[in-house]
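Novice: mmCIF, C-alpha atoms, saved as final.cif, coming up:
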data_target
loop_
_atom_site.label_atom_id
_atom_site.label_comp_id
_atom_site.auth_asym_id
_atom_site.auth_seq_id
_atom_site.Cartn_x
_atom_site.Cartn_y
_atom_site.Cartn_z
CA MET A 236 -135.82 0.05 -41.04
CA ASN A 237 -135.27 3.79 -40.57
CA ASP A 238 -132.82 5.59 -38.30
CA ASP A 239 -135.35 6.15 -35.53
CA THR A 240 -136.34 2.49 -35.45
CA LEU A 241 -132.68 1.48 -35.25
CA LEU A 242 -132.07 3.90 -32.40
CA ILE A 243 -135.13 2.63 -30.54
CA ASP A 244 -134.00 -0.98 -30.94
CA LYS A 245 -130.52 -0.11 -29.69
CA PHE A 246 -131.99 1.72 -26.72
CA LEU A 247 -134.25 -1.19 -25.88
CA GLU A 248 -131.19 -3.43 -25.99
CA GLY A 249 -129.66 -1.24 -23.28
CA ASP A 250 -127.72 1.37 -25.22
CA ASP A 251 -128.57 4.69 -23.53
CA THR A 252 -126.53 6.68 -26.04
CA ALA A 253 -129.11 5.74 -28.67
CA PHE A 254 -131.74 7.55 -26.63
CA GLU A 255 -129.45 10.57 -26.31
CA LYS A 256 -129.30 10.64 -30.11
CA LEU A 257 -133.09 10.63 -30.30
CA ILE A 258 -133.21 13.55 -27.88
CA GLU A 259 -130.65 15.45 -29.92
CA LYS A 260 -132.57 14.80 -33.11
CA TYR A 261 -135.99 15.83 -31.84
CA ARG A 262 -135.40 18.31 -29.01
CA ARG A 263 -135.62 21.45 -31.14
CA MET A 264 -138.63 20.20 -33.04
CA ILE A 265 -140.46 19.40 -29.80
CA TYR A 266 -139.39 22.66 -28.22
CA GLY A 267 -140.45 24.65 -31.31
CA LEU A 268 -143.85 23.00 -31.51
CA SER A 269 -144.44 23.45 -27.77
CA TYR A 270 -143.44 27.08 -28.03
CA ARG A 271 -145.86 27.65 -30.88
CA MET A 272 -148.64 25.98 -28.92
CA LEU A 273 -147.99 27.68 -25.58
CA GLY A 274 -146.25 30.93 -26.50
CA SER A 275 -143.80 30.71 -23.63
CA ALA A 276 -140.18 29.55 -23.57
CA GLU A 277 -140.49 28.43 -19.98
CA PHE A 278 -143.51 26.19 -20.62
CA ALA A 279 -141.96 24.91 -23.84
CA GLU A 280 -138.92 23.76 -21.85
CA ASP A 281 -141.13 22.00 -19.30
CA VAL A 282 -143.14 20.27 -22.00
CA THR A 283 -140.01 19.22 -23.91
CA GLN A 284 -138.57 17.64 -20.79
CA GLN A 285 -141.83 15.86 -19.95
CA VAL A 286 -142.17 14.55 -23.50
CA PHE A 287 -138.75 12.90 -23.43
CA ILE A 288 -139.37 11.44 -19.99
CA LYS A 289 -142.60 9.90 -21.29
CA VAL A 290 -140.87 8.64 -24.41
CA PHE A 291 -138.10 7.13 -22.30
CA GLN A 292 -140.59 5.34 -20.09
CA ASN A 293 -142.96 4.22 -22.82
CA VAL A 294 -140.86 3.61 -25.89
CA SER A 295 -141.23 -0.14 -25.43
CA LYS A 296 -144.99 0.36 -25.93
CA PHE A 297 -144.47 2.18 -29.23
CA LYS A 298 -146.32 -0.10 -31.64
CA ARG A 299 -144.63 1.22 -34.82
CA LYS A 300 -147.90 1.47 -36.69
CA SER A 301 -147.06 5.12 -37.30
CA SER A 302 -143.67 6.79 -37.57
CA PHE A 303 -141.76 7.67 -34.42
CA LYS A 304 -142.10 11.34 -35.42
CA THR A 305 -145.91 11.09 -35.45
CA TRP A 306 -145.82 9.30 -32.10
CA ILE A 307 -143.58 11.87 -30.42
CA TYR A 308 -145.66 14.70 -31.86
CA ALA A 309 -148.77 13.05 -30.40
CA ILE A 310 -147.14 12.89 -26.99
CA THR A 311 -146.10 16.54 -27.36
CA MET A 312 -149.65 17.54 -28.22
CA ASN A 313 -150.99 15.67 -25.20
CA GLU A 314 -148.50 17.42 -22.95
CA CYS A 315 -149.26 20.81 -24.50
CA ARG A 316 -152.98 20.18 -24.10
CA ALA A 317 -152.53 19.30 -20.43
CA THR A 318 -150.40 22.41 -19.83
CA TYR A 319 -152.78 24.57 -21.83
CA ARG A 320 -155.73 23.32 -19.80
CA LYS A 321 -153.92 23.99 -16.55
CA LEU A 322 -152.88 27.45 -17.65
CA SER A 323 -156.31 28.39 -18.96
CA LYS A 324 -157.55 28.08 -15.39
CA ASP A 325 -154.77 30.30 -14.14
CA THR A 326 -155.44 33.91 -15.04
CA GLU A 327 -151.92 35.15 -14.42
CA ALA A 328 -150.26 32.49 -16.49
CA SER A 329 -152.82 32.64 -19.25
CA ASP A 330 -151.69 36.19 -19.97
CA ASP A 331 -148.39 34.69 -21.04
CA VAL A 332 -149.99 32.01 -23.08
CA LEU A 333 -152.74 33.95 -24.70
CA PRO A 334 -151.31 37.39 -25.31
CA ALA A 335 -153.89 40.14 -25.49
CA ASP A 336 -154.31 41.83 -28.80
CA ASP A 337 -155.47 45.37 -28.17
CA ARG A 338 -155.43 46.41 -31.80
CA ASP A 339 -158.93 46.75 -33.06
CA THR A 340 -158.32 48.39 -36.39
CA PRO A 341 -157.53 45.58 -38.78
CA GLU A 342 -158.13 47.88 -41.74
CA GLU A 343 -154.82 49.63 -41.10
CA THR A 344 -151.88 48.78 -43.26
CA TYR A 345 -149.32 46.94 -41.22
CA THR A 346 -145.66 46.41 -41.86
CA LEU A 347 -144.51 42.83 -42.27
CA GLU A 348 -143.19 42.63 -38.71
CA GLU A 349 -146.41 44.10 -37.31
CA SER A 350 -148.42 41.63 -39.35
CA LYS A 351 -146.34 38.77 -37.99
CA LYS A 352 -146.91 40.00 -34.45
CA ILE A 353 -150.67 40.20 -35.06
CA LEU A 354 -150.66 36.71 -36.54
CA LYS A 355 -148.70 35.35 -33.62
CA ASP A 356 -151.14 36.92 -31.16
CA ALA A 357 -154.09 35.66 -33.17
CA MET A 358 -152.59 32.16 -33.18
CA GLY A 359 -152.42 32.36 -29.40
CA LYS A 360 -156.14 33.04 -29.28
CA LEU A 361 -157.23 30.16 -31.49
CA PRO A 362 -158.92 27.19 -29.82
CA PHE A 363 -156.34 24.53 -28.99
CA LYS A 364 -157.30 22.13 -31.77
CA GLN A 365 -157.34 24.77 -34.51
CA LYS A 366 -154.01 26.17 -33.37
CA ALA A 367 -152.50 22.70 -33.27
CA VAL A 368 -153.67 21.79 -36.76
CA VAL A 369 -152.45 25.08 -38.25
CA ALA A 370 -149.04 24.71 -36.57
CA LEU A 371 -148.67 21.08 -37.58
CA ARG A 372 -149.71 21.71 -41.19
CA ILE A 373 -147.90 24.97 -41.91
CA ASN A 374 -144.94 25.00 -39.54
CA GLU A 375 -144.23 21.30 -39.15
CA GLU A 376 -145.44 20.43 -42.66
CA LEU A 377 -147.32 17.32 -41.60
CA SER A 378 -149.93 15.93 -43.97
CA PHE A 379 -153.55 15.85 -42.78
CA LYS A 380 -153.27 12.10 -42.46
CA GLU A 381 -150.29 12.48 -40.13
CA ILE A 382 -152.11 15.23 -38.24
CA SER A 383 -155.14 13.01 -37.78
CA ARG A 384 -152.90 10.34 -36.23
CA THR A 385 -151.04 12.86 -34.12
CA MET A 386 -154.16 14.54 -32.80
CA GLY A 387 -156.34 11.46 -32.66
CA ILE A 388 -159.00 13.03 -34.86
CA SER A 389 -160.36 12.16 -38.28
CA VAL A 390 -158.75 13.57 -41.43
CA ASN A 391 -161.89 15.57 -42.12
CA ALA A 392 -161.95 17.03 -38.63
CA ALA A 393 -158.31 18.04 -39.13
CA LYS A 394 -159.16 19.75 -42.41
CA VAL A 395 -162.17 21.57 -40.99
CA ASN A 396 -160.18 22.78 -37.98
CA PHE A 397 -157.38 23.93 -40.25
CA GLN A 398 -159.77 25.80 -42.53
CA HIS A 399 -161.55 27.54 -39.66
CA GLY A 400 -158.30 28.34 -37.85
CA PHE A 401 -156.68 29.79 -40.93
CA ASN A 402 -159.73 31.87 -41.83
CA LYS A 403 -159.71 33.35 -38.31
CA LEU A 404 -156.06 34.30 -38.74
CA LYS A 405 -156.91 35.92 -42.03
CA GLU A 406 -159.68 37.92 -40.38
CA ALA A 407 -157.31 39.01 -37.60
CA ILE A 408 -154.96 40.51 -40.10
CA GLY A 409 -157.83 42.28 -41.78
CA SER A 410 -157.63 40.48 -45.11
CA MET B 88 -169.05 26.60 -56.88
CA LYS B 89 -169.75 30.19 -55.86
CA THR B 90 -166.95 32.63 -55.14
CA GLU B 91 -167.74 32.98 -51.40
CA ARG B 92 -167.73 29.23 -50.93
CA ALA B 93 -164.50 28.95 -52.89
CA ILE B 94 -162.87 31.65 -50.73
CA LYS B 95 -163.53 29.56 -47.63
CA LEU B 96 -161.75 26.64 -49.26
CA ILE B 97 -158.60 28.60 -50.11
CA PRO B 98 -156.56 27.21 -47.17
CA LEU B 99 -157.12 23.66 -48.39
CA TYR B 100 -156.50 24.65 -52.00
CA LEU B 101 -153.14 26.17 -51.07
CA THR B 102 -152.02 23.10 -49.14
CA GLY B 103 -153.11 20.87 -52.03
CA ASP B 104 -155.67 19.10 -49.90
CA LEU B 105 -158.90 19.78 -51.78
CA ASN B 106 -160.48 16.62 -53.07
CA HIS B 107 -160.39 16.07 -56.81
CA LYS B 108 -163.95 17.22 -57.52
CA LYS B 109 -163.70 20.42 -55.48
CA LYS B 110 -160.29 21.15 -56.96
CA LEU B 111 -161.69 20.97 -60.47
CA GLU B 112 -164.62 23.24 -59.57
CA PHE B 113 -162.24 25.62 -57.84
CA GLU B 114 -159.89 25.78 -60.79
CA LYS B 115 -162.73 26.55 -63.17
CA LEU B 116 -163.25 29.81 -61.29
CA LEU B 117 -159.60 30.74 -61.08
CA PRO B 118 -158.77 32.31 -64.41
CA THR B 119 -161.61 34.81 -64.41
CA ASP B 120 -162.74 35.37 -60.83
CA GLU B 121 -160.80 38.45 -59.72
CA LYS B 122 -162.02 38.37 -56.13
CA LEU B 123 -160.98 34.77 -55.70
CA ASN B 124 -157.57 35.42 -57.22
CA ARG B 125 -157.04 38.38 -54.92
CA GLU B 126 -158.00 36.34 -51.88
CA ILE B 127 -155.61 33.59 -52.89
CA GLU B 128 -152.75 36.08 -53.08
CA LYS B 129 -153.59 37.39 -49.60
CA ALA B 130 -153.81 33.86 -48.23
CA ARG B 131 -150.43 33.00 -49.81
CA GLU B 132 -148.88 35.96 -48.00
CA ILE B 133 -150.37 34.84 -44.69
CA PHE B 134 -149.11 31.30 -45.23
CA GLY B 135 -145.65 32.72 -45.83
CA MET B 136 -145.82 34.85 -42.71
CA ILE B 137 -147.01 32.00 -40.51
CA SER B 138 -144.27 29.70 -41.72
CA SER B 139 -141.68 32.40 -41.18
CA ILE B 140 -142.65 33.07 -37.57
CA GLU B 141 -139.74 31.45 -35.83
CA SER B 142 -139.77 29.96 -32.40
CA PRO B 143 -136.75 30.95 -30.31
CA VAL B 144 -133.82 28.59 -29.99
CA PRO B 145 -133.90 26.85 -26.61
CA ARG B 146 -131.44 28.09 -24.02
CA ARG B 147 -128.06 26.39 -24.37
CA GLN B 148 -128.12 25.61 -20.67
CA PHE B 149 -131.47 23.85 -21.06
CA GLU B 150 -130.29 21.80 -24.03
CA GLN B 151 -127.15 20.76 -22.22
CA ALA B 152 -129.07 19.66 -19.13
CA LEU B 153 -131.90 17.96 -21.00
CA VAL B 154 -130.31 14.54 -21.55
CA ARG B 155 -129.11 14.31 -17.98
CA THR B 156 -132.45 15.45 -16.54
CA VAL B 157 -134.44 13.02 -18.67
CA MET B 158 -132.20 10.07 -17.90
CA THR B 159 -132.14 10.81 -14.16
CA ALA B 160 -135.86 11.52 -13.88
CA SER B 161 -136.73 8.44 -15.90
CA SER B 162 -134.59 6.09 -13.81
CA HIS B 163 -136.08 7.44 -10.58
CA ARG B 164 -139.54 7.22 -11.97
CA SER B 165 -138.94 3.66 -13.08
CA VAL B 166 -138.33 2.60 -9.49
CA PHE B 167 -141.32 4.55 -8.35
CA SER B 168 -143.42 3.20 -11.21
CA PHE B 169 -142.58 -0.34 -10.24
CA LYS B 170 -144.09 0.25 -6.81
CA LEU B 171 -147.01 1.96 -8.45
CA ILE B 172 -147.54 -0.94 -10.83
CA THR B 173 -147.91 -3.35 -7.92
CA VAL B 174 -150.48 -1.12 -6.25
CA ALA B 175 -152.22 -0.36 -9.56
CA ALA B 176 -152.42 -4.05 -10.44
CA SER B 177 -154.26 -4.77 -7.18
CA VAL B 178 -156.61 -1.85 -7.71
CA ILE B 179 -157.30 -2.86 -11.31
CA PHE B 180 -158.01 -6.44 -10.23
CA LEU B 181 -160.54 -5.20 -7.67
CA LEU B 182 -162.09 -2.83 -10.20
CA VAL B 183 -162.41 -5.50 -12.88
CA ALA B 184 -163.89 -7.93 -10.36
CA GLY B 185 -166.29 -5.22 -9.19
CA PHE B 186 -167.20 -4.28 -12.71
CA THR B 187 -167.85 -7.86 -13.72
CA PHE B 188 -170.03 -8.30 -10.64
CA PHE B 189 -171.79 -5.04 -11.48
CA LEU B 190 -172.43 -6.13 -15.07
CA THR B 191 -173.82 -9.48 -14.10
CA GLN B 192 -175.92 -8.24 -11.22
CA ARG B 193 -177.42 -4.96 -12.42
CA PRO B 194 -179.92 -4.84 -15.23
CA GLY B 195 -180.20 -1.91 -17.65
CA ARG B 196 -177.49 -1.14 -20.14
CA ILE B 197 -177.90 2.63 -19.98
CA GLU B 198 -177.62 2.76 -16.22
CA GLN B 199 -174.54 0.58 -16.34
CA THR B 200 -172.92 2.73 -18.98
CA GLN B 201 -173.85 5.89 -17.15
CA GLU B 202 -172.36 4.73 -13.91
CA TRP B 203 -169.26 3.39 -15.61
CA LEU B 204 -168.68 6.65 -17.43
CA VAL B 205 -169.30 8.82 -14.40
CA ASN B 206 -166.76 6.77 -12.50
CA ASN B 207 -164.17 6.71 -15.23
CA ILE B 208 -164.27 9.77 -17.39
CA ASN B 209 -162.03 12.40 -16.00
CA LYS B 210 -161.75 14.86 -18.83
CA ILE B 211 -164.14 16.63 -21.11
CA GLU B 212 -162.97 19.31 -23.40
CA ASN B 213 -163.22 21.14 -26.63
CA ILE B 214 -166.87 21.26 -27.50
CA ASN B 215 -166.23 23.56 -30.39
CA GLY B 216 -168.97 22.71 -32.77
CA TYR B 217 -167.10 20.11 -34.78
CA SER B 218 -166.52 17.33 -32.38
CA SER B 219 -166.07 16.72 -28.75
CA TYR B 220 -164.32 13.99 -26.97
CA LEU B 221 -164.34 12.24 -23.72
CA SER B 222 -160.92 11.10 -22.74
CA ILE B 223 -160.37 8.07 -20.60
CA ASP B 224 -156.92 7.36 -19.26
CA TYR B 225 -155.35 3.99 -18.90
CA ILE B 226 -158.00 1.67 -20.19
CA SER B 227 -157.45 -1.70 -21.80
CA ASP B 228 -158.43 -2.31 -25.42
CA GLU B 229 -161.00 -4.90 -24.41
CA LYS B 230 -162.61 -2.60 -21.86
CA LEU B 231 -162.63 0.20 -24.37
CA GLN B 232 -164.43 -1.89 -26.95
CA ASP B 233 -166.88 -2.94 -24.28
CA VAL B 234 -167.71 0.66 -23.39
CA HIS B 235 -167.83 1.61 -27.04
CA SER B 236 -170.45 -1.06 -27.75
CA GLN B 237 -172.45 -0.05 -24.72
CA ILE B 238 -172.53 3.59 -25.72
CA LYS B 239 -173.42 2.75 -29.28
CA GLU B 240 -176.27 0.53 -28.26
CA SER B 241 -177.68 2.79 -25.61
CA LEU B 242 -177.56 6.18 -27.31
CA PRO B 243 -179.39 7.73 -30.23
CA LEU B 244 -176.38 7.90 -32.50
CA GLU B 245 -178.03 7.39 -35.87
CA ASN B 246 -176.88 10.79 -37.09
CA ALA B 247 -173.44 10.81 -35.62
CA SER B 248 -170.34 8.79 -36.03
CA LEU B 249 -168.75 7.51 -32.88
CA SER B 250 -165.09 6.66 -33.14
CA ILE B 251 -162.37 5.79 -30.74
CA TYR B 252 -158.84 7.00 -31.10
CA SER B 253 -155.67 6.60 -29.17
CA SER B 254 -153.33 9.36 -30.13
CA SER B 255 -150.36 8.22 -28.13
CA GLY B 256 -151.20 5.05 -26.30
CA PHE B 257 -151.77 7.04 -23.12
CA ASP B 258 -155.20 8.52 -23.68
CA TRP B 259 -158.23 7.01 -25.32
CA GLU B 260 -160.74 9.37 -26.75
CA PHE B 261 -164.31 8.94 -27.87
CA TYR B 262 -165.17 11.19 -30.75
CA LEU B 263 -168.76 12.12 -31.42
CA GLU B 264 -168.79 14.03 -34.65
CA ASP B 265 -172.06 15.77 -34.08
CA GLU B 266 -172.48 18.63 -31.66
CA ASP B 267 -176.07 17.90 -30.69
CA VAL B 268 -175.40 14.28 -29.97
CA SER B 269 -172.27 15.20 -28.05
CA LYS B 270 -174.24 17.55 -25.85
CA LYS B 271 -176.86 14.90 -25.35
CA VAL B 272 -174.22 12.48 -24.21
CA LEU B 273 -172.78 15.00 -21.83
CA ASP B 274 -176.21 15.98 -20.49
CA ASN B 275 -177.15 12.38 -20.02
CA TYR B 276 -173.97 11.18 -18.51
CA LEU B 277 -172.34 13.92 -16.55
#
As C-alpha cells, what does this structure read like?

Specialist:
Amino acid sequence: MNDDTLLIDKFLEGDDTAFEKLIEKYRRMIYGLSYRMLGSAEFAEDVTQQVFIKVFQNVSKFKRKSSFKTWIYAITMNECRATYRKLSKDTEASDDVLPADDRDTPEETYTLEESKKILKDAMGKLPFKQKAVVALRINEELSFKEISRTMGISVNAAKVNFQHGFNKLKEAIGS
Amino acid sequence: MKTERAIKLIPLYLTGDLNHKKKLEFEKLLPTDEKLNREIEKAREIFGMISSIESPVPRRQFEQALVRTVMTASSHRSVFSFKLITVAASVIFLLVAGFTFFLTQRPGRIEQTQEWLVNNINKIENINGYSSYLSIDYISDEKLQDVHSQIKESLPLENASLSIYSSSGFDWEFYLEDEDVSKKVLDNYL
C-alpha cells in the first residue's frame, strides 16, 4: 500500500488532515500542469482548486485500478479541457491562453531564451490533445501507458499525438 | 527505413518508445546517416528546452488559502449534492423507465440509437484526423455497454475500432479511431 492509498484510507475514515496532505503533495504538480496547458496563472489557480474539490467529493469512487497520480492527472486534464473549450469561444481570454506568435522568420538564429519563448508560444498553439501528451511525456515524465490512462486514449493515439505535436514544435523553432 | 521516415520517428526514439523492430531499423541508420544524426541532436536540444520551461510557482496567498477553500467548498457542495442526488435519482428513474418503454415499443435499432445519442451526447470535440470522441456524462456502465453494442451493430465500423474509455470516472468517451467513420457517425447522428 503506497502513501497516497494510506492517505485516502485515512481521509475516508474521517481524517481531514490526510486530505490536506494530499493537497500539499500534489498542488504544485496540478498547478504546473494546468499552467502548461492553459498558459495563465489565473486559470491554473482556478483549475487547481476545482480539481481538489472534485477529488474531495469523488475520492470514494476512486477504483484504485490506476495510481492516484494518474487519476488526479486525468481529472486535471478534464478540467483543463473544459476551461480550454470555454476560453476558445471567448476571444479576449483566448489571447491569454493562446499567445500570438508574430515571428515569421524561423530561419533566424535565436538565443536560448528566445527559443524557449518561441517553444512556449508554439506549445500554446498546439491542439489540446497534442499539447497535453507533450506536456505529460516531457514535463511530467509519464509513460505512454500512463498517458493513455490519463487522457482516456489508446497508447498508439498517445504516441501519434506526441510525435505530431513534437514535430510541430520543431518546425516552429525552425529546425 | 528511409531517412525521412526515420526523422519523423525521432521523438519516439528519444523517449525510448519505438517498438523493437523500428528501433533496430532506426539504429541501423544511425552510425552513417549524417542528416538523421543532425536531426537527433536538434531534437535533443528541443527536448531539453521544453523540459526546462518552468511554470511559475503559485502565489503564496493562493497556496495558503487552497486547503481552506477546498474543504469549505466541498462541505457546502456535499449538502447541495445531497439535494441534487434526490432530484437526480427521480429524473434518472423516469429516464430509465422511458428508455425501457422506448426500446420495447419502437422498432429499428438505428433510429433508437440515433434518438438516444441526440438526447444524451452533449460534447463533441477534437476531430483532428486521428480520432474523435463523443463524451457522455454520468452514464452507468450497463447503459454504456448497451449504447456501445447498439452503435457497433448499427454502423459500418468494419474499418475502425470503437472503444470506450473513462478517463476519470466522470466522463465516458467513445473513440472512433478512423476519421471517415467518425465523420459518418457525426453526420448520421448529429

Novice: Can you translate the PyMOL selection byres ((chain A and resi 237-247) around 9) into the concrete residues it hits in this file, as an MDAnalysis selection string?

Specialist: chainID A and resid 236 248:254 256:257 294:295 299 302:304

Novice: Please, what distance in Å, to one decimal, runs between atom CA of A:Ser269 and atom CA of A:Gln292?

Specialist: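 So the two atoms, atom CA of A:Ser269 and atom CA of A:Gln292, lie 20.0 Å apart.
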
Novice: Given a cut-off of 7 Å, which residues of chain A touch chain B, counting only C-alpha atoms, written out as a list in words?

Specialist: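 So the residues of chain A near chain B are Glu255, Gly267, Tyr270, Arg271, Gln284, Phe287, Ile288, Phe291, Gln292, Trp306, Ala309, Ile310, Lys351, Ile373, Asn374, Arg384, Thr385, Met386, Gly387, Gln398, Phe401 and Ser410 of chain A.
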
Novice: Record the distance separating atom CA of B:Lys89 and atom CA of B:Lys109, expressed in Å with one decimal.

Specialist: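 Going from atom CA of B:Lys89 over to atom CA of B:Lys109, I get 11.5 Å.
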
Novice: Apply the PyMOL selection byres ((chain A and resi 312-320) around 7) to the displayed file and report the matching residues as a compact mmCIF listing (two decimals) with C-alpha atoms, keeping the file's coordinate frame.

Specialist:
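And here's out.txt as it stands now:
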# COMPACT_ATOMS: atom_id res chain seq x y z
CA SER A 269 -144.44 23.45 -27.77
CA MET A 272 -148.64 25.98 -28.92
CA LEU A 273 -147.99 27.68 -25.58
CA VAL A 282 -143.14 20.27 -22.00
CA VAL A 286 -142.17 14.55 -23.50
CA TYR A 308 -145.66 14.70 -31.86
CA ALA A 309 -148.77 13.05 -30.40
CA ILE A 310 -147.14 12.89 -26.99
CA THR A 311 -146.10 16.54 -27.36
CA LYS A 321 -153.92 23.99 -16.55
CA LEU A 322 -152.88 27.45 -17.65
CA SER A 323 -156.31 28.39 -18.96
CA LYS A 324 -157.55 28.08 -15.39

Novice: Using atom CA of A:Ile258 and atom CA of A:Val368 as the two end points, give the distance in Å to one decimal.

Specialist: 23.8 Å

Novice: Return as a list in words the set of residues that the PyMOL selection byres ((chain A and resi 379) around 9) yields on the displayed structure.

Specialist: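 Applied to this file, the PyMOL selection byres ((chain A and resi 379) around 9) returns Val368, Leu371, Arg372, Leu377, Ser378, Lys380, Glu381, Ile382, Ser383, Arg384, Ser389, Val390, Asn391, Ala393 and Lys394 of chain A; Asp104 of chain B.
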
Novice: Write out as a list in words the residues lying within 7 Å of A:Lys366, counting only C-alpha atoms and excluding same-chain residues fewer than 5 positions away.

Specialist: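 The residues satisfying every condition are Met272, Met358, Leu361 and Gly400 of chain A.
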
Novice: The centre and edge lengths of an axis-aligned box containing all atoms of stretch 264-279 of chain A present in the file, extended by 6 Å on each side, are to be given in Å to one decimal, as lines of an AutoDock Vina configuration file.

Specialist:
center_x = -143.6
center_y = 25.2
center_z = -26.5
size_x = 22.0
size_y = 23.5
size_z = 25.1
